[in-house]
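K.L.:
For reference, the file my_file-v7.cif (mmCIF, C-alpha atoms) is included below:
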data_upload
loop_
_atom_site.label_atom_id
_atom_site.label_comp_id
_atom_site.auth_asym_id
_atom_site.auth_seq_id
_atom_site.Cartn_x
_atom_site.Cartn_y
_atom_site.Cartn_z
CA MET A 114 84.60 4.67 -154.15
CA ARG A 115 84.68 6.03 -157.67
CA ASN A 116 85.37 9.74 -158.13
CA ARG A 117 82.82 11.30 -160.50
CA LYS A 118 83.42 14.67 -162.08
CA ALA A 119 80.73 17.19 -161.27
CA GLY A 120 78.70 18.77 -164.03
CA LEU A 121 78.22 16.37 -166.92
CA SER A 122 76.75 12.89 -166.80
CA HIS A 123 78.48 10.07 -168.64
CA SER A 124 76.13 10.51 -171.63
CA GLY A 125 76.68 14.27 -171.49
CA ARG A 126 80.46 13.80 -171.66
CA LEU A 127 80.04 11.37 -174.57
CA PHE A 128 77.84 13.89 -176.40
CA LEU A 129 80.40 16.64 -175.84
CA LEU A 130 83.23 14.40 -177.06
CA ALA A 131 81.22 13.31 -180.12
CA SER A 132 80.36 16.93 -180.90
CA VAL A 133 84.02 17.93 -180.86
CA VAL A 134 85.22 14.88 -182.81
CA LEU A 135 82.45 15.05 -185.43
CA GLY A 136 82.52 18.82 -185.73
CA LEU A 137 78.94 19.18 -184.56
CA PRO A 138 77.92 22.50 -183.09
CA LEU A 139 77.94 22.34 -179.31
CA SER A 140 74.55 24.02 -179.34
CA ALA A 141 73.04 20.91 -180.92
CA VAL A 142 70.42 19.43 -178.64
CA SER A 143 71.31 16.05 -177.17
CA GLU A 144 69.43 13.01 -178.35
CA GLU A 145 67.96 12.52 -174.88
CA GLU A 146 66.20 15.89 -175.19
CA LEU A 147 65.12 15.63 -178.83
CA LYS A 148 62.14 13.42 -179.74
CA ASN A 149 60.14 13.40 -182.96
CA PRO A 150 56.55 14.37 -182.15
CA PHE A 151 55.46 12.85 -185.48
CA ALA A 152 57.09 9.43 -185.13
CA GLY A 153 54.91 6.76 -186.74
CA ASP A 154 52.40 9.30 -188.14
CA PRO A 155 51.61 8.41 -191.81
CA GLU A 156 50.07 11.83 -192.49
CA ALA A 157 53.21 13.55 -191.19
CA ALA A 158 55.35 11.32 -193.45
CA LYS A 159 53.23 12.39 -196.43
CA GLU A 160 53.59 16.06 -195.47
CA GLY A 161 57.31 15.46 -194.90
CA LYS A 162 57.70 14.25 -198.47
CA GLU A 163 55.95 17.38 -199.74
CA ILE A 164 58.29 19.58 -197.68
CA PHE A 165 61.31 17.52 -198.83
CA LEU A 166 60.32 18.16 -202.45
CA ARG A 167 59.30 21.81 -201.96
CA THR A 168 62.59 22.60 -200.19
CA GLY A 169 64.59 21.05 -203.04
CA CYS A 170 66.15 18.21 -201.05
CA TYR A 171 65.54 15.98 -204.09
CA ALA A 172 68.23 17.85 -206.05
CA CYS A 173 70.89 16.02 -204.02
CA HIS A 174 69.00 13.10 -202.47
CA GLY A 175 66.56 12.10 -205.25
CA HIS A 176 62.76 12.38 -205.36
CA GLU A 177 62.29 9.40 -203.05
CA ALA A 178 65.39 10.15 -200.92
CA GLU A 179 67.08 7.22 -202.68
CA GLY A 180 70.27 9.15 -203.34
CA ALA A 181 71.70 11.04 -206.27
CA VAL A 182 74.59 13.46 -205.78
CA GLY A 183 73.94 13.17 -202.05
CA PRO A 184 73.57 9.91 -200.14
CA ASP A 185 70.63 7.53 -200.03
CA LEU A 186 68.60 8.49 -196.96
CA THR A 187 66.41 5.38 -196.98
CA ASP A 188 69.05 2.73 -196.24
CA ASP A 189 70.99 1.76 -193.14
CA GLU A 190 74.44 2.68 -194.49
CA TRP A 191 75.16 5.99 -192.77
CA ILE A 192 78.45 7.55 -191.65
CA TYR A 193 76.79 8.71 -188.42
CA VAL A 194 74.18 6.73 -186.45
CA PRO A 195 70.89 7.93 -187.99
CA THR A 196 68.92 8.76 -184.88
CA ASP A 197 65.97 11.11 -185.24
CA ALA A 198 67.96 13.74 -183.32
CA MET A 199 70.99 13.41 -185.62
CA ILE A 200 68.84 13.72 -188.76
CA PHE A 201 66.95 16.71 -187.27
CA ASN A 202 70.21 18.48 -186.36
CA THR A 203 71.75 17.75 -189.76
CA ILE A 204 68.76 19.26 -191.58
CA LYS A 205 68.63 22.22 -189.20
CA LYS A 206 72.36 22.99 -188.94
CA GLY A 207 73.85 21.34 -192.04
CA ARG A 208 76.99 19.24 -192.06
CA PRO A 209 80.24 21.29 -191.87
CA GLY A 210 82.81 20.36 -194.49
CA THR A 211 80.16 19.00 -196.88
CA VAL A 212 77.65 20.49 -199.31
CA MET A 213 74.83 19.75 -196.83
CA ALA A 214 73.61 23.26 -196.09
CA PRO A 215 71.61 24.24 -193.00
CA PHE A 216 67.85 24.61 -193.45
CA GLY A 217 67.00 25.81 -189.94
CA ASP A 218 66.43 29.33 -191.20
CA GLN A 219 64.01 28.13 -193.89
CA LEU A 220 62.06 25.43 -192.08
CA LYS A 221 60.13 25.38 -188.83
CA PRO A 222 61.01 22.60 -186.35
CA ASP A 223 57.71 20.79 -187.12
CA GLU A 224 58.57 20.82 -190.83
CA ILE A 225 62.00 19.33 -190.13
CA TRP A 226 60.41 16.64 -187.93
CA LYS A 227 58.00 15.77 -190.75
CA ILE A 228 60.94 15.34 -193.14
CA VAL A 229 62.56 13.08 -190.53
CA GLU A 230 59.35 11.03 -190.38
CA PHE A 231 59.24 10.83 -194.21
CA LEU A 232 62.79 9.42 -194.19
CA ARG A 233 61.96 6.98 -191.39
CA ASP A 234 58.84 5.86 -193.26
CA LYS A 235 60.89 5.26 -196.43
CA ASN A 236 63.34 3.18 -194.36
CA ARG A 237 60.49 1.10 -192.88
CA GLN A 238 59.06 0.53 -196.38
CA ARG A 239 62.49 -0.54 -197.63
CA HIS A 240 62.86 -3.06 -194.80
CA ALA A 241 59.35 -4.40 -195.43
CA ASN A 242 60.14 -4.91 -199.13
CA GLU A 243 63.47 -6.59 -198.37
CA HIS A 244 61.78 -9.13 -196.08
CA LYS A 245 59.16 -10.23 -198.63
#
Would you mind writing the file's structure down as structure tokens?

P.N.:
Amino acid sequence: MRNRKAGLSHSGRLFLLASVVLGLPLSAVSEEELKNPFAGDPEAAKEGKEIFLRTGCYACHGHEAEGAVGPDLTDDEWIYVPTDAMIFNTIKKGRPGTVMAPFGDQLKPDEIWKIVEFLRDKNRQRHANEHK
């Protein structure tokens, strides 16, 4: 019989390990607990673009999130797996050791989720255009 450590599930231990290795704050919410309430909502994507522009994200990521000084946020070439939870936490808490500042003190969670949906929508559009 296999001896399981009490306390954390396998996914919980992986999250903890990834947090330590990637330098993520341990207070970051796990992906299992974090779901975008605006996933697939075109109106939220439109509002997300407005928030993206109003917040000044375009200064680093371009007006269409296509990349400038900062990376392209519409493609599939990411250092970290671009789950909704990862993108949410990056916007909220920033990325230590980079110029990606935290915006959690400036944006409400719903506003961050709408930015996430804007980025997801741009990615879907990019895939649709590539398959034409």

K.L.:
Considering all atoms listed in the file, tabulate each residue of region 162-183 of chain A that lies at most 12 Å from region 204-219 of chain A along with its nearest interatomic pair and the corresponding distance in Å to one decimal; arrange the rows by chain and ascending residue number and present them as JSON lines.

P.N.:
{"residue": "A:Ile164", "atom": "CA", "partner": "A:Gln219", "partner_atom": "CA", "distance": 11.0}
{"residue": "A:Phe165", "atom": "CA", "partner": "A:Ile204", "partner_atom": "CA", "distance": 10.5}
{"residue": "A:Arg167", "atom": "CA", "partner": "A:Gln219", "partner_atom": "CA", "distance": 11.3}
{"residue": "A:Thr168", "atom": "CA", "partner": "A:Gln219", "partner_atom": "CA", "distance": 8.5}
{"residue": "A:Gly169", "atom": "CA", "partner": "A:Phe216", "partner_atom": "CA", "distance": 10.7}
{"residue": "A:Cys170", "atom": "CA", "partner": "A:Met213", "partner_atom": "CA", "distance": 9.8}
{"residue": "A:Ala172", "atom": "CA", "partner": "A:Met213", "partner_atom": "CA", "distance": 11.5}
{"residue": "A:Cys173", "atom": "CA", "partner": "A:Met213", "partner_atom": "CA", "distance": 9.0}
{"residue": "A:His174", "atom": "CA", "partner": "A:Met213", "partner_atom": "CA", "distance": 10.5}
{"residue": "A:Val182", "atom": "CA", "partner": "A:Val212", "partner_atom": "CA", "distance": 10.0}
{"residue": "A:Gly183", "atom": "CA", "partner": "A:Met213", "partner_atom": "CA", "distance": 8.4}

K.L.:
Carefully work through the PyMOL selection byres ((chain A and resi 237) around 12) for this structure and note down the residues it includes, as a PDB file with C-alpha atoms, in the coordinates of the input.

P.N.:
ATOM      1  CA  ALA A 152      57.090   9.430-185.130  1.00  0.00           C
ATOM      2  CA  GLY A 153      54.910   6.760-186.740  1.00  0.00           C
ATOM      3  CA  PRO A 155      51.610   8.410-191.810  1.00  0.00           C
ATOM      4  CA  ALA A 158      55.350  11.320-193.450  1.00  0.00           C
ATOM      5  CA  LEU A 186      68.600   8.490-196.960  1.00  0.00           C
ATOM      6  CA  THR A 187      66.410   5.380-196.980  1.00  0.00           C
ATOM      7  CA  ASP A 188      69.050   2.730-196.240  1.00  0.00           C
ATOM      8  CA  ASP A 189      70.990   1.760-193.140  1.00  0.00           C
ATOM      9  CA  GLU A 230      59.350  11.030-190.380  1.00  0.00           C
ATOM     10  CA  PHE A 231      59.240  10.830-194.210  1.00  0.00           C
ATOM     11  CA  LEU A 232      62.790   9.420-194.190  1.00  0.00           C
ATOM     12  CA  ARG A 233      61.960   6.980-191.390  1.00  0.00           C
ATOM     13  CA  ASP A 234      58.840   5.860-193.260  1.00  0.00           C
ATOM     14  CA  LYS A 235      60.890   5.260-196.430  1.00  0.00           C
ATOM     15  CA  ASN A 236      63.340   3.180-194.360  1.00  0.00           C
ATOM     16  CA  GLN A 238      59.060   0.530-196.380  1.00  0.00           C
ATOM     17  CA  ARG A 239      62.490  -0.540-197.630  1.00  0.00           C
ATOM     18  CA  HIS A 240      62.860  -3.060-194.800  1.00  0.00           C
ATOM     19  CA  ALA A 241      59.350  -4.400-195.430  1.00  0.00           C
ATOM     20  CA  ASN A 242      60.140  -4.910-199.130  1.00  0.00           C
ATOM     21  CA  GLU A 243      63.470  -6.590-198.370  1.00  0.00           C
ATOM     22  CA  HIS A 244      61.780  -9.130-196.080  1.00  0.00           C
TER      23      HIS A 244
END

K.L.:
What does the structure give for the distance between CA of Leu166 (chain A) and CA of Trp226 (chain A), in Å to one decimal?

P.N.:
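Answer for the CA of Leu166 (chain A) to CA of Trp226 (chain A) separation: 14.6 Å.
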
K.L.:
Report, in Å with one decimal, the straight-line distance from CA of Val194 (chain A) to CA of Glu156 (chain A).

P.N.:
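So the two atoms, CA of Val194 (chain A) and CA of Glu156 (chain A), lie 25.4 Å apart.
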
K.L.:
Once the PyMOL selection byres ((chain A and resi 198) around 7) has been evaluated on this model, what residues remain selected, and can you format them as a list of chain:residue names?

P.N.:
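For this structure, the PyMOL selection byres ((chain A and resi 198) around 7) captures A:Glu144, A:Leu147, A:Lys148, A:Thr196, A:Asp197, A:Met199, A:Ile200, A:Phe201, A:Asn202.
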
K.L.:
Return the single residue from A:Asp223, A:Glu163, A:Glu177, A:Asp185 that is closest to Pro150 (chain A), with distances computed using only C-alpha atoms.

P.N.:
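Ranked by minimum distance to Pro150 (chain A), first place goes to A:Asp223.
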
K.L.:
State, in Å with one decimal place, the distance from CA of Thr203 (chain A) to CA of Lys159 (chain A).

P.N.:
20.4 Å
